[in-house]
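Q: What follows is a structure written as structure tokens; I'll ask about it next.
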Amino acid sequence: TIGLELRFSKLKKTGKQVTIITLVQAMTTFIFVTLAIVAYLTVTNGKYLWTYGLILGAIATATAPGPIVAVVKSYRTKGPVTDVLLPLVALDDAIGIMLFAVMLSLGTSFLSGPVSIGKMLMEPALEIFLSFGIGGAIGLALMYIAKKFNRETDGFLMMVIIGAVFLGIGLGQAVHASAILLPMTIGVVLTNSIDERYEHRLTQTTDLFTAPILLAFFTIAGAELQLSLLVKIGVMGVIYLLVRVVGKISGSYFSAKAVKAPPTVVKYLGFTLIPQAGVAIDMALTTQLRFETTESLADFSEIGAVIMTIVLAATVIYEVFGLVVVKAALGRAGEIDAAVGDWE
């Protein structure tokens, strides 16, 4: 679904601005969170500081497109902030996923003994390459089927899309590709290889089965939240929560100003990037599974549990307050008919 939002034709108008702003705010957030976590663990004589710092820093880059798209669609927002925001959140998650793949490999390498730089970089590079390759091939096949067997009803289209995603996930697991990046690549290839008039049928079709999947996903993810760890990781969780917001807002502000974006984009874009949910939780789950299923990391399984708890706890807060902030920011930017709340 994120991939379907990344249509290259829509990037032509604001493509350069979107790319620069996305890269700068993502890297700013990553650096801020990583250094803040490392500094805190250094001062408190904590263990595994770079493992925690690098992995949490990478997860912090992810922005939840769901709540943002929901506000945009519900209030039919229109303006420069919206024009930049929609392609940005899709590109932001793509960058975050690739960064996470590298940092997870790098972070765990600090625990499993000395590892060569080549081997350290080869694993995430291969994971990204396989994700793009398999996802691209399935996306092209799906495009051919969608065009060849175009029918009046969307039932067939929905079955083909679900089958393609399941096939991609299965092949991805077999060759250790990214379970996030691969299906997103399918969406990107598909949406950019069909007629734009046909695009709404794709999004309507995926919307039909997205809701129950998200319901199950968040229920299962919530079951992983270990309340007993909250006290233990409280300060580190608060650091993650606050520093991520600082990174998003400051990175967006300075990069938007540098590329001479409209004043409303400079002032309000960063606030619309606060929500965090599905992709971040999936990254946290992937981290936890890596520690639980890798024999050499079995003794460090608590690291995965701590990261999962921090991300889940932060997600609850981001989802409750982030949606309100997005709504208020777009309102103050003049892109919603009735602005909600006061924004000073």
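Residues in the structure tokens are numbered from 1 in each chain, the chains being A, B, ... in the order shown, and ligands are numbered from 1 in the order shown.
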Neighbouring residues of Pro80 (chain A) were defined as those with any atom within 10 Å, considering only C-alpha atoms; residues of the same chain fewer than 6 positions away were excluded. Please report them as a ChimeraX atom specification.
A: /A:14,261-265,269,333-335
Q: Quick one: DSSP helix (DSSP H, G or I) residues in region 62-297 of chain A, as a PyMOL selection string?
A: chain A and resi 65-75+80-109+117-148+155-175+181-192+196-223+227-229+234-258+263-273+278-293+295-297
Q: Can you list, as a ChimeraX atom specification, every protein, DNA or RNA residue that comes within 12 Å of Ala39 (chain A) when you count only C-alpha atoms, leaving out same-chain residues fewer than 3 positions away?
A: /A:31-36,42-50,52-53,236,239
Q: Rank nothing, just name the residue among A:Leu242, A:Val235, A:Met158, A:Leu104 nearest to Phe209 (chain A), using only C-alpha atoms.
A: A:Met158
Q: Find the residues around Met143 (chain A) up to 12 Å (only C-alpha atoms counted), leave out those fewer than 2 positions away in its own chain, and share them as a ChimeraX atom specification.
A: /A:136-141,145-150,157,160-161,164,186-195,198-199,202
Q: Near Ile21 (chain A), counting only C-alpha atoms, which residues have an atom at most 7 Å away, once you skip same-chain residues fewer than 3 positions from it, shown as a PyMOL selection string?
A: chain A and resi 17-18+24-25+252+255-256
Q: Skipping near chain neighbours, those fewer than 4 positions away, what residues fall within 8 Å of region 275-281 of chain A using only C-alpha atoms, listed as number ranges by chain?
A: A: 59-60, 62-65, 67-68, 93, 180, 218, 221, 285, 308, 311-312, 315, 318-319, 322-323
Q: CA of Met103 (chain A) and CA of Val246 (chain A) are how many Å apart?
A: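 Pair CA of Met103 (chain A) / CA of Val246 (chain A) returns 21.0 Å.
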Q: State, in Å with one decimal place, the distance from CA of Leu215 (chain A) to CA of Phe132 (chain A).
A: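 Here the two named atoms are 27.6 Å from each other.
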Q: Mind giving me the straight-line distance from CA of Ala328 (chain A) to CA of Val72 (chain A) in Å, one decimal?
A: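 Result for CA of Ala328 (chain A) versus CA of Val72 (chain A): 11.9 Å, one decimal.
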Q: Considering only C-alpha atoms, can you say which of A:Val316, A:Met27, A:Ile2, A:Met159 comes closest to Leu181 (chain A)?
A: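 Comparing A:Val316, A:Met27, A:Ile2, A:Met159 against Leu181 (chain A), the winner is A:Ile2.
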Q: Given only C-alpha atoms as the basis, pick out the residue of A:Asp92, A:Asp83, A:Asp207, A:Glu127 nearest to Lys12 (chain A).
A: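 So, comparing all the options, the nearest one is A:Asp83.
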Q: Find the residues around Gly237 (chain A) up to 9 Å (only C-alpha atoms counted), leave out those fewer than 6 positions away in its own chain, and share them as a PDB file with N, CA, C and O atoms, in the first residue's frame.
A:
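The resulting file, part-v9.pdb, is shown below:
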ATOM      1  N   LEU A 230       8.859  -1.759  30.975  1.00  0.00           N
ATOM      2  CA  LEU A 230       8.671  -0.317  30.818  1.00  0.00           C
ATOM      3  C   LEU A 230       9.442   0.489  31.858  1.00  0.00           C
ATOM      4  O   LEU A 230      10.037   1.516  31.551  1.00  0.00           O
ATOM      5  N   ILE A 307      13.857  -3.241  22.660  1.00  0.00           N
ATOM      6  CA  ILE A 307      13.582  -2.413  21.474  1.00  0.00           C
ATOM      7  C   ILE A 307      12.116  -2.501  21.095  1.00  0.00           C
ATOM      8  O   ILE A 307      11.471  -1.488  20.785  1.00  0.00           O
ATOM      9  N   THR A 309       9.579  -3.130  23.069  1.00  0.00           N
ATOM     10  CA  THR A 309       8.785  -2.425  24.077  1.00  0.00           C
ATOM     11  C   THR A 309       8.855  -0.914  23.882  1.00  0.00           C
ATOM     12  O   THR A 309       7.840  -0.221  23.969  1.00  0.00           O
ATOM     13  N   ILE A 310      10.054  -0.400  23.616  1.00  0.00           N
ATOM     14  CA  ILE A 310      10.221   1.045  23.393  1.00  0.00           C
ATOM     15  C   ILE A 310       9.388   1.503  22.196  1.00  0.00           C
ATOM     16  O   ILE A 310       8.659   2.497  22.270  1.00  0.00           O
ATOM     17  N   VAL A 311       9.490   0.770  21.087  1.00  0.00           N
ATOM     18  CA  VAL A 311       8.789   1.158  19.861  1.00  0.00           C
ATOM     19  C   VAL A 311       7.273   1.066  20.033  1.00  0.00           C
ATOM     20  O   VAL A 311       6.530   1.959  19.598  1.00  0.00           O
ATOM     21  N   ALA A 313       5.529   1.227  22.886  1.00  0.00           N
ATOM     22  CA  ALA A 313       5.082   2.274  23.807  1.00  0.00           C
ATOM     23  C   ALA A 313       5.074   3.635  23.119  1.00  0.00           C
ATOM     24  O   ALA A 313       4.131   4.426  23.269  1.00  0.00           O
ATOM     25  N   ALA A 314       6.118   3.903  22.324  1.00  0.00           N
ATOM     26  CA  ALA A 314       6.195   5.175  21.605  1.00  0.00           C
ATOM     27  C   ALA A 314       5.090   5.282  20.558  1.00  0.00           C
ATOM     28  O   ALA A 314       4.496   6.348  20.365  1.00  0.00           O
TER      29      ALA A 314
END
Q: Name the closest residue to Lys16 (chain A) among the candidates A:Leu106, A:Ala258, A:Thr219, A:Gly3; distances are taken between atoms, counting only C-alpha atoms.
A: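 Nearest candidate to Lys16 (chain A) out of A:Leu106, A:Ala258, A:Thr219, A:Gly3: A:Ala258.
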Q: Select, from A:Ile249, A:Ala211, A:Ile303, A:Val259, the residue with the minimum atom-to-atom distance to Thr29 (chain A), counting only C-alpha atoms.
A: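 Answer, going by the shortest atom-to-atom distance: A:Ile249.
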